[in-house]
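Accompanying notes for the structure given below.
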Amino acid sequence: MLADAPVLLQCREVVKHFDISGGFLDQLRFQAGRPRRVRTLVRAVNGVSFDVRQGETLSVVGESGCGKSTLARTILNLYPADGGEIRYRNQRIDNLSPKAMLPYRVKMQMVFQDPYASLNPRMTVSRILEEPVCYHHPGLSRAEVRERVAQVMCQVGMDPTWADNFPHEFSGGQRQRISIARALVVDPEFIVADEPISALDVSIQAQILNLLMDAQETRNLTYLFISHDLSVVEHISDRVAVMYLGSLCELAPVEQLFAAPRHPYTRALLSAIPRLGAGPGPKDRIRLSGELPSPLHLPSGCVFHGRCPHARARCRQEIPKPVQLSATAQVSCLGVEEGWL
Amino acid sequence: MNILAMNWRRFRESQALYAFLRDPVAIGSFTILVVLTLVSFLAPWTAQHNVYDTATLELLDAHTPPAWLDQGLERYPLGTDDQGRDLFSSIIFGMRTSLLIGLGAVALQAFLGICIGLISGYTGGRLDTLLMRVADVQLSFSTLMVAIFISAIFEAVLGVGFFERYAVLLLVVIIGLAEWPQYARTVRASVLAEKKKEYVEAARVIGLPASRIMWRQILPNALSPVLVISTVQVANAIMSEAALSFLGLGMPVTQPSLGSLIKSGFTYIFSGSWWITLFPGITLVTLILVINLLGDWLRDYLNPKLYKHM
Amino acid sequence: MTRLEQPIAVCRTCCEGYEFVNRLLDVNNLEVTFAKRAGKFQAVRGVSFSLDKGEHLGLVGESGAGKSITGFSIINLISKPGYISKGNILFEGRDLAKLSLEEMRRIRGDRIAMIFQDPMMTLNPVLTIGTQMIETVLAHRRVSRAEARDISVERINRVRISSPERRLKQYPHEFSGGMRQRIVIAISLLTDPALIIADEPTTALDVTIQAEIMELLLDLCTSRQMGLVLITHDLAVVSQITQRIAVMYAGLIVETGPTAEVIATPRHPYTRGLINALPQTRHGEKRLRQIPGVMPGLRNLPAGCAFHPRCEQCRDICITTQPERRTLACGVQVACHLVEE
Ligand SMILES: Nc1ncnc2c1ncn2[C@@H]1O[C@H](COP(=O)(O)OP(=O)(O)OP(=O)(O)O)[C@@H](O)[C@H]1O
Ligand SMILES: Nc1ncnc2c1ncn2[C@@H]1O[C@H](COP(=O)(O)OP(=O)(O)OP(=O)(O)O)[C@@H](O)[C@H]1O
Ligand SMILES: [Mg+2]
Ligand SMILES: [Mg+2]
């Protein structure tokens with residue numbers, strides 16, 4: 001349905017590495033009797049390419065530490081990208097100065113995971129919500145700012161009379177509403193939500209998911225939704241991207257992905273979802289052998305080959321290129337490329 | 001008005017007030033500190049003699065013992081010093097000078113330390129390494145040594161006369177410069193912890209400039225350890241002043257501080273005039289003790305590990 | 001893998017037949033009070049449940065409902081401001097609430113083992129796995145060091161970790177999160193306990209690892225006839241692992257019964273709300289069916305049924321009187337005025 005929607009965000013071969021080798025003295029190592037400078041790199045995101053189309057919800061799933069949050073923060077230019085290109089409405093944004101980035105800050109917002117850490121404990125709700133408006137629209141009068149904040153608070157289901165309270169006076173679900181209100185108050189087009197519900201209770205999760213879906217409808221938002229809860233992802237997304245160890249394995253429309261996963265890792269992941277009322281014991285779970293490798297020492301070739309039940313010799317040597325299955329689906333697997341999977 | 005009332009309510013219902021009212025040591029120390037501070041800052045009214053006014057000096061009354069001793073005089077409850085100044089008044093004025101220097105020096109330390117710690121912690125990288133190495137080097141000398149060094153330079157450059165005239169100000173600068181690394185390290189540590197929190201990222205997503213994030217978002221959250229070390233630092237600064245004055249590098253004898261009083265009496269301690277040293281000494285110890293006790297209470301209160309089961 | 005299903009079938013029949021011979025744990029009207037400066041409040045307000053030998057019970061509910069406190073009180077691990085103020089806990093014929101500390105210590109870790117969400121609650125970071133396991137065996141059994149070592153090796157084998165001899169020499173930080181949780185399970189198995197209490201053992205782990213750990217736990221418990229109390233907020237996991245389920249809300253068990261029955265036809269409005277709020281049970285609609293509001297704090301519980309402010313079918317009687325727990329013909333116990341007998 002979204003195949004003909006315009007592309008909002010493009011990522012091309014995005015790379016992000018963290019240098020964790022510390023100061024100069026920490027980097028010195030003795031190798032073969034000589035001091036050498038050794039850098040330790042965490043290869044968090046390695047050449048990820050995908051498009052986000054306007055109005056869709058693209059979810060990113062994957063195991064802990066596979067680089068979902070890093071990818072999201074790199075897209076928002078919170079981390080400088082180490083390679084590749086990020087385009088927003090066909091304008092490159094990954095190399096902009098903070099000042100040149102300002103117009104995009106209004107368009108792209110983020111909702112965070114931890115409702116306790118994502119609100120400044122020393123600021124009242126009204127200050128938290130007014131600050132972005134005042135900063136981006138210095139021309140507005142105080143009354144106009146308040147009006148706008150009150151409107152957004154109503155939309156996220158918060159009573160505007162609570163505006164003078166501090167975040168610690170609210171429950172986790174309410175804080176997450178404030179967090180969403182902060183993102184909505186500058187009237188963005190694109191919101192990155194980094195596990196916005198994983199710190200919340202089941203009964204509250206549904207409230208927040210509904211809120212996000214309502215906001216999407218009324219404001220025509222585009223979401224990049226990060227989660228590790230696959231049943232939530234299945235419900236909320238239009239397309240799903242599966243990441244493994246900093247690489248994108250598979251990207252497909254949600255029905256297609258859950259009905260007929262192509263990448264072996266996606267298959268293993270989907271088979272592990274606990275299903276309500278499925279009876280005791282996951283029956284046909286695909287068991288992965290071996291341990292999750294560390295992003296400090298990436299395996300050669302396909303990052304998944306060490307645990308893949310179908311791996312062949314070529315997988316150990318060659319990094320698979322994304323294969324475009326259709327306009328909206330891609331998969332990075334040599335098996336699919338060569339047709340034996 | 002409304003906000004004021006609300007803040008007052010918040011304060012009255014706060015955990016801090018409750019914890020404070022339950023701790024007799026904290027209440028005692030606080031009361032003594034408030035009394036001492038009030039008495040000393042109202043010195044022109046609380047002291048009988050203005051010790052800065054040389055016209056009131058009676059050199060003949062020098063070395064009068066405290067009033068309850070044989071040769072004591074009613075006029076001088078704690079006796080007089082070697083210049084015939086009333087010791088009680090001198091102590092009050094001296095305490096005022098000491099407190100002024102202590103507070104001023106801490107204000108300077110805090111200002112320098114917070115700026116440097118904040119910038120160092122937030123920007124990180126080379127600048128951080130450089131600033132922290134400077135702090136380390138300075139910390140590896142004792143505070144007093146640094147202070148002696150700086151004050152020697154000041155005296156040499158500015159001349160003794162100038163030094164004596166602006167002694168209070170210069171001592172504030174000397175002690176302030178000598179102790180900023182304490183603040184810088186404390187602030188940097190808590191900035192590093194705060195910087196990782198998501199609200200800082202949220203501010204960056206909004207596009208706020210770094211300076212605004214540092215000062216308006218991070219700093220208020222990084223201040224509670226600063227509060228704790230401030231009390232201890234005031235006590236330390238008063239001690240440093242006393243020590244410098246005792247060594248003859250601080251306040252001149254004409255402008256009494258607790259340190260210079262102790263020093264001026266020290267010469268006579270074996271010729272029988274023990275009170276000139278003893279009473280300023282007791283005052284100094286009391287002052288330092290109550291400030292440190294309050295600091296301890298504050299640290300215990302703000303340390304959630306100790307107060308988990310309140 | 002038939003080994004998953006077989007023992008459960010055996011167990012179900014034995015539950016019906018020899019109910020009293022087989023009773024392992026009987027918690028009657030348990031009440032846990034916290035005495036704080038702001039006043040006393042009850043975190044657990046009269047909880048009763050029972051567990052047969054080899055039976056698996058799932059304790060679910062939202063955060064703060066009192067699940068962990070209930071679990072901890074079974075092994076008397078409640079820390080200072082809290083204490084068991086009422087009720088008894090019969091385990092193998094003895095009342096655990098009345099035992100001395102020394103007697104309790106002997107039972108804890110021997111007949112009853114506990115697995116925490118964070119494996120590092122159990123593991124000491126500065127000791128090797130081997131030291132910790134051997135010490136645990138020696139503390140509870142009169143055996144030689146060599147025998148204790150053999151037992152440890154056998155248990156590590158049982159949790160399907162390769163080369164156990166080598167693992168004994170490793171430190172906890174050398175293992176990944178999932179492996180650490182397996183080690184903790186191995187430690188809990190050392191003394192062949194009759195009951196394992198697992199407090200959110202997989203909440204911090206990924207779906208694939210969660211599936212592995214749950215499968216392992218299920219296998220071990222069924223093959224050795226161990227009782228399991230699984231504390232979690234994930235209904236789907238509970239539905240796959242346990243035979244019986246207890247739903248907690250604000251310190252009370254509002255519904256308990258055979259898992260399949262409760263999940264298929266939830267009777268309490270809260271249980272129904274929880275299940276309907278899950279994305280997996282969507283009814284073809286995009287919006288999720290959320291439960292409005294939040295769970296009230298334990299300090300200011302509403303009068304009557306604690307759930308009434310959020311209940312859509314609330315009647316006058318719900319506001320005034322607390323519902324009694326009633327046993328229905330199908331074996332389900334519900335505390336709700338609206339449920340007909
Ligand atoms: N600031 C950082 N410095 C160094 N390494 C980092 C940093 N942030 C993330 N990493 C590393 O990069 C990798 C990817 O981390 P990331 O937080 O993106 O994972 P994630 O997929 O979001 O995981 P989770 O589901 O746990 O949130 C991890 O190995 C992590 O340790
Ligand atoms: N040490 C304590 N002091 C005071 N109250 C406590 C303490 N420990 C727990 N509580 C209270 O007891 C109630 C039940 O807590 P419990 O830890 O059992 O919840 P839970 O159901 O396990 O939640 P979660 O899913 O978050 O683990 C909570 O409301 C909590 O505030
Ligand atoms: Mg993350
Ligand atoms: Mg718990």
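The way I read the labels, and the way they are meant: chains A, B, ... in the order of the structure tokens, residue 1 as the first residue of every chain, and ligand 1 as the first ligand shown, with later ones counted on from there.
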
Step by step, measure atom-to-atom distances between ligand 4 and each residue using only C-alpha atoms and all ligand atoms, keep those at most 7 Å, then write them as an mmCIF file with N, CA and C atoms, in the first residue's frame.
data_model
loop_
_atom_site.group_PDB
_atom_site.id
_atom_site.type_symbol
_atom_site.label_atom_id
_atom_site.label_comp_id
_atom_site.auth_asym_id
_atom_site.auth_seq_id
_atom_site.Cartn_x
_atom_site.Cartn_y
_atom_site.Cartn_z
ATOM 1 N N SER C 63 3.707 -4.516 37.379
ATOM 2 C CA SER C 63 4.769 -4.121 38.288
ATOM 3 C C SER C 63 4.177 -3.542 39.560
ATOM 4 N N LYS C 67 4.174 -9.546 43.274
ATOM 5 C CA LYS C 67 4.604 -10.879 42.856
ATOM 6 C C LYS C 67 5.920 -11.261 43.528
ATOM 7 N N SER C 68 6.912 -10.377 43.424
ATOM 8 C CA SER C 68 8.213 -10.706 44.011
ATOM 9 C C SER C 68 8.124 -10.866 45.511
ATOM 10 N N ASP C 199 12.091 -15.687 39.718
ATOM 11 C CA ASP C 199 11.530 -14.338 39.640
ATOM 12 C C ASP C 199 11.996 -13.680 38.352
#

All residues within 12 Å of ligand 3 are required, counting only C-alpha atoms and all ligand atoms; please report them as a short mmCIF file (atom, residue, chain, number, x, y, z; two decimals) with all heavy atoms, in the first residue's frame.
data_model
loop_
_atom_site.label_atom_id
_atom_site.label_comp_id
_atom_site.auth_asym_id
_atom_site.auth_seq_id
_atom_site.Cartn_x
_atom_site.Cartn_y
_atom_site.Cartn_z
N ALA A 44 29.37 -1.15 15.74
CA ALA A 44 27.96 -1.23 16.14
C ALA A 44 27.03 -1.30 14.94
O ALA A 44 26.05 -2.04 14.95
CB ALA A 44 27.60 -0.05 17.03
N VAL A 60 12.32 -1.76 13.66
CA VAL A 60 13.63 -2.41 13.64
C VAL A 60 13.66 -3.38 14.81
O VAL A 60 13.42 -2.99 15.95
CB VAL A 60 14.77 -1.38 13.78
CG1 VAL A 60 16.11 -2.07 13.72
CG2 VAL A 60 14.68 -0.33 12.70
N VAL A 61 13.90 -4.65 14.52
CA VAL A 61 13.98 -5.63 15.60
C VAL A 61 15.35 -6.31 15.57
O VAL A 61 16.06 -6.25 14.58
CB VAL A 61 12.88 -6.72 15.49
CG1 VAL A 61 11.53 -6.11 15.60
CG2 VAL A 61 13.03 -7.50 14.22
N GLY A 62 15.69 -6.97 16.65
CA GLY A 62 16.97 -7.65 16.73
C GLY A 62 17.35 -7.85 18.16
O GLY A 62 16.75 -7.27 19.07
N GLU A 63 18.34 -8.68 18.38
CA GLU A 63 18.74 -8.98 19.74
C GLU A 63 19.44 -7.79 20.39
O GLU A 63 19.90 -6.88 19.72
CB GLU A 63 19.68 -10.19 19.75
CG GLU A 63 18.92 -11.49 19.74
CD GLU A 63 19.82 -12.65 19.41
OE1 GLU A 63 20.09 -12.87 18.23
OE2 GLU A 63 20.24 -13.33 20.34
N SER A 64 19.53 -7.84 21.70
CA SER A 64 20.18 -6.78 22.44
C SER A 64 21.61 -6.60 21.96
O SER A 64 22.33 -7.57 21.77
CB SER A 64 20.15 -7.16 23.92
OG SER A 64 20.77 -6.17 24.65
N GLY A 65 22.00 -5.36 21.73
CA GLY A 65 23.37 -5.09 21.32
C GLY A 65 23.61 -5.20 19.83
O GLY A 65 24.75 -5.12 19.39
N CYS A 66 22.55 -5.39 19.03
CA CYS A 66 22.77 -5.55 17.60
C CYS A 66 22.88 -4.19 16.90
O CYS A 66 23.10 -4.14 15.70
CB CYS A 66 21.68 -6.39 16.97
SG CYS A 66 20.10 -5.55 16.92
N GLY A 67 22.71 -3.09 17.63
CA GLY A 67 22.94 -1.78 17.05
C GLY A 67 21.68 -1.02 16.68
O GLY A 67 21.76 -0.05 15.93
N LYS A 68 20.54 -1.40 17.22
CA LYS A 68 19.31 -0.70 16.89
C LYS A 68 19.34 0.74 17.38
O LYS A 68 19.08 1.67 16.62
CB LYS A 68 18.11 -1.42 17.53
CG LYS A 68 18.01 -2.89 17.21
CD LYS A 68 16.79 -3.52 17.82
CE LYS A 68 16.78 -3.60 19.33
NZ LYS A 68 17.76 -4.51 19.91
N SER A 69 19.69 0.91 18.66
CA SER A 69 19.71 2.26 19.21
C SER A 69 20.78 3.09 18.53
O SER A 69 20.59 4.28 18.28
CB SER A 69 19.98 2.21 20.70
OG SER A 69 19.04 1.42 21.35
N THR A 70 21.91 2.48 18.26
CA THR A 70 22.99 3.22 17.61
C THR A 70 22.55 3.70 16.24
O THR A 70 22.80 4.85 15.87
CB THR A 70 24.23 2.33 17.49
OG1 THR A 70 24.53 1.80 18.77
CG2 THR A 70 25.41 3.10 16.98
N LEU A 71 21.88 2.84 15.50
CA LEU A 71 21.38 3.23 14.18
C LEU A 71 20.43 4.42 14.31
O LEU A 71 20.55 5.41 13.59
CB LEU A 71 20.67 2.04 13.53
CG LEU A 71 20.02 2.32 12.18
CD1 LEU A 71 21.09 2.63 11.15
CD2 LEU A 71 19.18 1.15 11.73
N ALA A 72 19.51 4.34 15.28
CA ALA A 72 18.53 5.41 15.45
C ALA A 72 19.23 6.72 15.78
O ALA A 72 18.91 7.76 15.22
CB ALA A 72 17.57 5.04 16.57
N ARG A 73 20.20 6.66 16.66
CA ARG A 73 20.88 7.89 17.06
C ARG A 73 21.76 8.43 15.95
O ARG A 73 21.98 9.64 15.86
CB ARG A 73 21.68 7.64 18.34
CG ARG A 73 20.79 7.58 19.56
CD ARG A 73 21.52 6.95 20.74
NE ARG A 73 20.76 7.07 21.98
CZ ARG A 73 19.68 6.35 22.28
NH1 ARG A 73 19.20 5.49 21.41
NH2 ARG A 73 19.08 6.50 23.44
N PHE A 112 12.11 8.10 23.91
CA PHE A 112 13.13 7.23 24.48
C PHE A 112 12.54 6.07 25.25
O PHE A 112 11.36 6.03 25.57
CB PHE A 112 14.05 8.04 25.37
CG PHE A 112 14.83 9.06 24.61
CD1 PHE A 112 14.32 10.32 24.39
CD2 PHE A 112 16.07 8.75 24.08
CE1 PHE A 112 15.03 11.26 23.68
CE2 PHE A 112 16.77 9.67 23.38
CZ PHE A 112 16.26 10.94 23.17
N GLN A 113 13.43 5.15 25.61
CA GLN A 113 13.01 3.93 26.28
C GLN A 113 12.65 4.15 27.74
O GLN A 113 11.62 3.72 28.20
CB GLN A 113 14.13 2.89 26.18
CG GLN A 113 13.90 1.69 27.08
CD GLN A 113 14.90 0.60 26.85
OE1 GLN A 113 15.90 0.81 26.20
NE2 GLN A 113 14.63 -0.57 27.37
N ASP A 114 13.56 4.81 28.46
CA ASP A 114 13.43 4.83 29.91
C ASP A 114 12.62 6.06 30.33
O ASP A 114 13.12 7.17 30.29
CB ASP A 114 14.84 4.88 30.53
CG ASP A 114 14.78 4.80 32.04
OD1 ASP A 114 13.66 4.87 32.59
OD2 ASP A 114 15.84 4.69 32.66
N ALA A 193 11.17 6.08 17.65
CA ALA A 193 10.77 5.63 18.98
C ALA A 193 11.66 4.46 19.36
O ALA A 193 11.55 3.38 18.80
CB ALA A 193 9.30 5.22 18.98
N ASP A 194 12.56 4.68 20.32
CA ASP A 194 13.52 3.64 20.72
C ASP A 194 12.94 2.86 21.90
O ASP A 194 13.04 3.29 23.03
CB ASP A 194 14.86 4.27 21.07
CG ASP A 194 15.93 3.23 21.32
OD1 ASP A 194 15.63 2.03 21.19
OD2 ASP A 194 17.06 3.61 21.64
N GLU A 195 12.36 1.73 21.64
CA GLU A 195 11.74 0.88 22.66
C GLU A 195 10.85 1.68 23.60
O GLU A 195 11.05 1.65 24.82
CB GLU A 195 12.83 0.14 23.46
CG GLU A 195 13.87 -0.47 22.56
CD GLU A 195 14.47 -1.74 23.12
OE1 GLU A 195 13.91 -2.28 24.07
OE2 GLU A 195 15.47 -2.19 22.57
N PRO A 196 9.86 2.39 23.07
CA PRO A 196 9.10 3.30 23.93
C PRO A 196 8.22 2.58 24.94
O PRO A 196 7.76 3.21 25.88
CB PRO A 196 8.23 4.08 22.94
CG PRO A 196 8.07 3.16 21.79
CD PRO A 196 9.35 2.38 21.69
N SER A 198 9.02 -0.74 26.29
CA SER A 198 9.55 -1.94 26.93
C SER A 198 9.74 -1.76 28.42
O SER A 198 9.89 -2.73 29.14
CB SER A 198 10.84 -2.39 26.26
OG SER A 198 11.75 -1.34 26.23
N ALA A 199 9.70 -0.51 28.92
CA ALA A 199 9.82 -0.34 30.38
C ALA A 199 8.46 -0.28 31.05
O ALA A 199 8.37 -0.02 32.23
CB ALA A 199 10.62 0.92 30.68
N PHE A 225 10.31 2.57 14.47
CA PHE A 225 9.92 2.02 15.76
C PHE A 225 10.86 0.89 16.12
O PHE A 225 10.96 -0.10 15.40
CB PHE A 225 8.48 1.51 15.63
CG PHE A 225 7.88 1.05 16.91
CD1 PHE A 225 7.22 1.93 17.75
CD2 PHE A 225 7.96 -0.27 17.29
CE1 PHE A 225 6.65 1.49 18.93
CE2 PHE A 225 7.40 -0.72 18.46
CZ PHE A 225 6.74 0.18 19.28
N ILE A 226 11.58 1.07 17.22
CA ILE A 226 12.54 0.05 17.62
C ILE A 226 11.95 -0.75 18.76
O ILE A 226 11.39 -0.19 19.70
CB ILE A 226 13.85 0.72 18.06
CG1 ILE A 226 14.47 1.42 16.87
CG2 ILE A 226 14.81 -0.29 18.64
CD1 ILE A 226 15.65 2.24 17.22
N SER A 227 12.07 -2.06 18.68
CA SER A 227 11.49 -2.88 19.74
C SER A 227 12.12 -4.25 19.68
O SER A 227 12.69 -4.65 18.68
CB SER A 227 9.99 -3.00 19.53
OG SER A 227 9.44 -3.80 20.54
N HIS A 228 12.04 -4.97 20.80
CA HIS A 228 12.40 -6.37 20.68
C HIS A 228 11.20 -7.26 20.94
O HIS A 228 11.32 -8.47 20.98
CB HIS A 228 13.58 -6.71 21.58
CG HIS A 228 13.35 -6.38 23.01
ND1 HIS A 228 14.06 -5.41 23.67
CD2 HIS A 228 12.46 -6.84 23.88
CE1 HIS A 228 13.62 -5.31 24.89
NE2 HIS A 228 12.64 -6.16 25.05
N GLU B 198 19.03 9.91 29.18
CA GLU B 198 18.33 10.17 27.93
C GLU B 198 17.79 11.59 27.83
O GLU B 198 17.57 12.08 26.73
CB GLU B 198 17.20 9.15 27.76
CG GLU B 198 17.75 7.78 27.42
CD GLU B 198 16.69 6.70 27.41
OE1 GLU B 198 15.60 6.93 27.94
OE2 GLU B 198 16.96 5.63 26.85
#

Discussion item. Need to verify the contact set: stretch 325-332 of chain C, 12 Å, only C-alpha atoms, exclusion of same-chain residues closer than 5 positions in sequence. Can you return it as number ranges by chain?
Written reply: C: 16, 29, 46-49, 244-247, 252-268, 305, 337-341

Where does chain A meet ligand 2 within 12 Å, residue by residue, with the nearest atom pair and distance in Å to one decimal for each, counting only C-alpha atoms and all ligand atoms, listed by chain and rising number, as a tab-separated table?
residue	atom	partner	partner_atom_place_in_ligand_line	distance
A:Gly172	CA	ligand 2	26 (O)	11.5
A:Ala199	CA	ligand 2	26 (O)	9.9
A:Leu200	CA	ligand 2	26 (O)	9.6
A:Asp201	CA	ligand 2	25 (O)	8.1
A:Val202	CA	ligand 2	25 (O)	10.5

Residues from the last selection, all heavy atoms, saved as an mmCIF file, in the first residue's frame:
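Generated file (result24.cif):
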data_model
loop_
_atom_site.group_PDB
_atom_site.id
_atom_site.type_symbol
_atom_site.label_atom_id
_atom_site.label_comp_id
_atom_site.auth_asym_id
_atom_site.auth_seq_id
_atom_site.Cartn_x
_atom_site.Cartn_y
_atom_site.Cartn_z
ATOM 1 N N GLY A 172 5.104 5.717 35.361
ATOM 2 C CA GLY A 172 5.881 5.456 34.156
ATOM 3 C C GLY A 172 5.101 5.718 32.881
ATOM 4 O O GLY A 172 5.620 6.328 31.939
ATOM 5 N N ALA A 199 9.699 -0.513 28.924
ATOM 6 C CA ALA A 199 9.819 -0.345 30.376
ATOM 7 C C ALA A 199 8.456 -0.277 31.047
ATOM 8 O O ALA A 199 8.374 -0.015 32.232
ATOM 9 C CB ALA A 199 10.623 0.916 30.679
ATOM 10 N N LEU A 200 7.397 -0.518 30.284
ATOM 11 C CA LEU A 200 6.057 -0.322 30.846
ATOM 12 C C LEU A 200 5.329 -1.646 31.038
ATOM 13 O O LEU A 200 5.677 -2.655 30.443
ATOM 14 C CB LEU A 200 5.235 0.562 29.908
ATOM 15 C CG LEU A 200 5.833 1.935 29.601
ATOM 16 C CD1 LEU A 200 4.996 2.645 28.576
ATOM 17 C CD2 LEU A 200 5.951 2.766 30.850
ATOM 18 N N ASP A 201 4.282 -1.599 31.853
ATOM 19 C CA ASP A 201 3.480 -2.789 32.089
ATOM 20 C C ASP A 201 2.584 -3.107 30.907
ATOM 21 O O ASP A 201 2.244 -2.228 30.128
ATOM 22 C CB ASP A 201 2.579 -2.547 33.295
ATOM 23 C CG ASP A 201 3.308 -2.875 34.547
ATOM 24 O OD1 ASP A 201 3.869 -3.966 34.609
ATOM 25 O OD2 ASP A 201 3.320 -2.037 35.448
ATOM 26 N N VAL A 202 2.171 -4.355 30.838
ATOM 27 C CA VAL A 202 1.357 -4.782 29.699
ATOM 28 C C VAL A 202 0.121 -3.899 29.551
ATOM 29 O O VAL A 202 -0.201 -3.433 28.462
ATOM 30 C CB VAL A 202 0.920 -6.247 29.877
ATOM 31 C CG1 VAL A 202 0.118 -6.694 28.690
ATOM 32 C CG2 VAL A 202 2.128 -7.129 30.061
#

Could you list, as an mmCIF file with N, CA and C atoms, in the first residue's frame, the residues of chain B having an atom within 6 Å of chain A when counting only C-alpha atoms?
data_model
loop_
_atom_site.group_PDB
_atom_site.id
_atom_site.type_symbol
_atom_site.label_atom_id
_atom_site.label_comp_id
_atom_site.auth_asym_id
_atom_site.auth_seq_id
_atom_site.Cartn_x
_atom_site.Cartn_y
_atom_site.Cartn_z
ATOM 1 N N LYS B 197 22.395 10.154 30.409
ATOM 2 C CA LYS B 197 20.956 9.969 30.575
ATOM 3 C C LYS B 197 20.218 10.476 29.343
ATOM 4 N N GLU B 198 19.028 9.914 29.180
ATOM 5 C CA GLU B 198 18.326 10.170 27.927
ATOM 6 C C GLU B 198 17.792 11.590 27.827
ATOM 7 N N TYR B 199 17.590 12.265 28.958
ATOM 8 C CA TYR B 199 17.052 13.617 28.823
ATOM 9 C C TYR B 199 18.044 14.546 28.134
ATOM 10 N N ILE B 206 16.131 18.062 20.310
ATOM 11 C CA ILE B 206 15.421 19.322 20.121
ATOM 12 C C ILE B 206 16.323 20.318 19.398
ATOM 13 N N GLY B 207 17.617 20.150 19.517
ATOM 14 C CA GLY B 207 18.553 21.028 18.823
ATOM 15 C C GLY B 207 19.148 22.095 19.716
#

Worksheet item: Using only C-alpha atoms and all ligand atoms, which of the listed residues (B:Glu201, B:Ser140, B:Phe93, B:Ser257) sits closest to ligand 1?
Response: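 Checking each of B:Glu201, B:Ser140, B:Phe93, B:Ser257 against ligand 1, counting only C-alpha atoms and all ligand atoms, the winner is B:Glu201.
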
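Distance check against ligand 1 using only C-alpha atoms and all ligand atoms: of C:Cys318, C:Val153, C:Leu205, C:Leu57, the minimum falls on C:Leu205.
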
Practice prompt. Please identify which residues in stretch 115-273 of chain B DSSP calls helix (DSSP H, G or I) from the backbone, and express them as a ChimeraX atom specification.
Written response: /B:115-123,125-140,143-158,160-165,167-195,198-206,210-222,224-246,258-266,269-271

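If you look at atom CA of B:Leu73 and atom CA of B:Ile91, they are 17.5 Å away from each other.
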
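Nearest residue to C:Leu90, choosing from C:Glu165, C:Glu174, C:Glu55, C:Asp26 and counting only C-alpha atoms: C:Asp26.
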
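Residue nearest chain A within the list C:Thr208, C:Thr271, C:Gln243, C:Gln333: C:Thr208 [criterion: smallest interatomic distance, only C-alpha atoms].
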
Worksheet entry | chain C residues near chain B (9 Å cut-off, only C-alpha atoms) as a count of residues only | 4

Sorted by chain and rising residue number, which residues of chain C lie within 12 Å of ligand 1, and what are their closest atom pairs and distances in Å to one decimal, counting only C-alpha atoms and all ligand atoms, as a tab-separated table?
residue	atom	partner	partner_atom_place_in_ligand_line	distance
C:Gly177	CA	ligand 1	26 (O)	11.6
C:Ala204	CA	ligand 1	26 (O)	9.3
C:Leu205	CA	ligand 1	26 (O)	9.2
C:Asp206	CA	ligand 1	25 (O)	8.3
C:Val207	CA	ligand 1	25 (O)	11.0

Please produce an output containing N, CA and C atoms for each residue in the selection, written as a PDB file, in the first residue's frame.
ATOM      1  N   GLY C 177      25.002 -13.083  29.096  1.00  0.00           N
ATOM      2  CA  GLY C 177      23.843 -13.012  29.984  1.00  0.00           C
ATOM      3  C   GLY C 177      23.058 -14.316  30.060  1.00  0.00           C
ATOM      4  N   ALA C 204      15.429  -9.981  31.345  1.00  0.00           N
ATOM      5  CA  ALA C 204      16.541  -9.178  30.833  1.00  0.00           C
ATOM      6  C   ALA C 204      17.134  -9.783  29.559  1.00  0.00           C
ATOM      7  N   LEU C 205      16.568 -10.882  29.078  1.00  0.00           N
ATOM      8  CA  LEU C 205      17.217 -11.590  27.959  1.00  0.00           C
ATOM      9  C   LEU C 205      16.412 -11.445  26.669  1.00  0.00           C
ATOM     10  N   ASP C 206      17.065 -11.792  25.574  1.00  0.00           N
ATOM     11  CA  ASP C 206      16.412 -11.704  24.271  1.00  0.00           C
ATOM     12  C   ASP C 206      15.458 -12.859  24.044  1.00  0.00           C
ATOM     13  N   VAL C 207      14.562 -12.687  23.061  1.00  0.00           N
ATOM     14  CA  VAL C 207      13.560 -13.733  22.802  1.00  0.00           C
ATOM     15  C   VAL C 207      14.182 -15.092  22.529  1.00  0.00           C
TER      16      VAL C 207
END
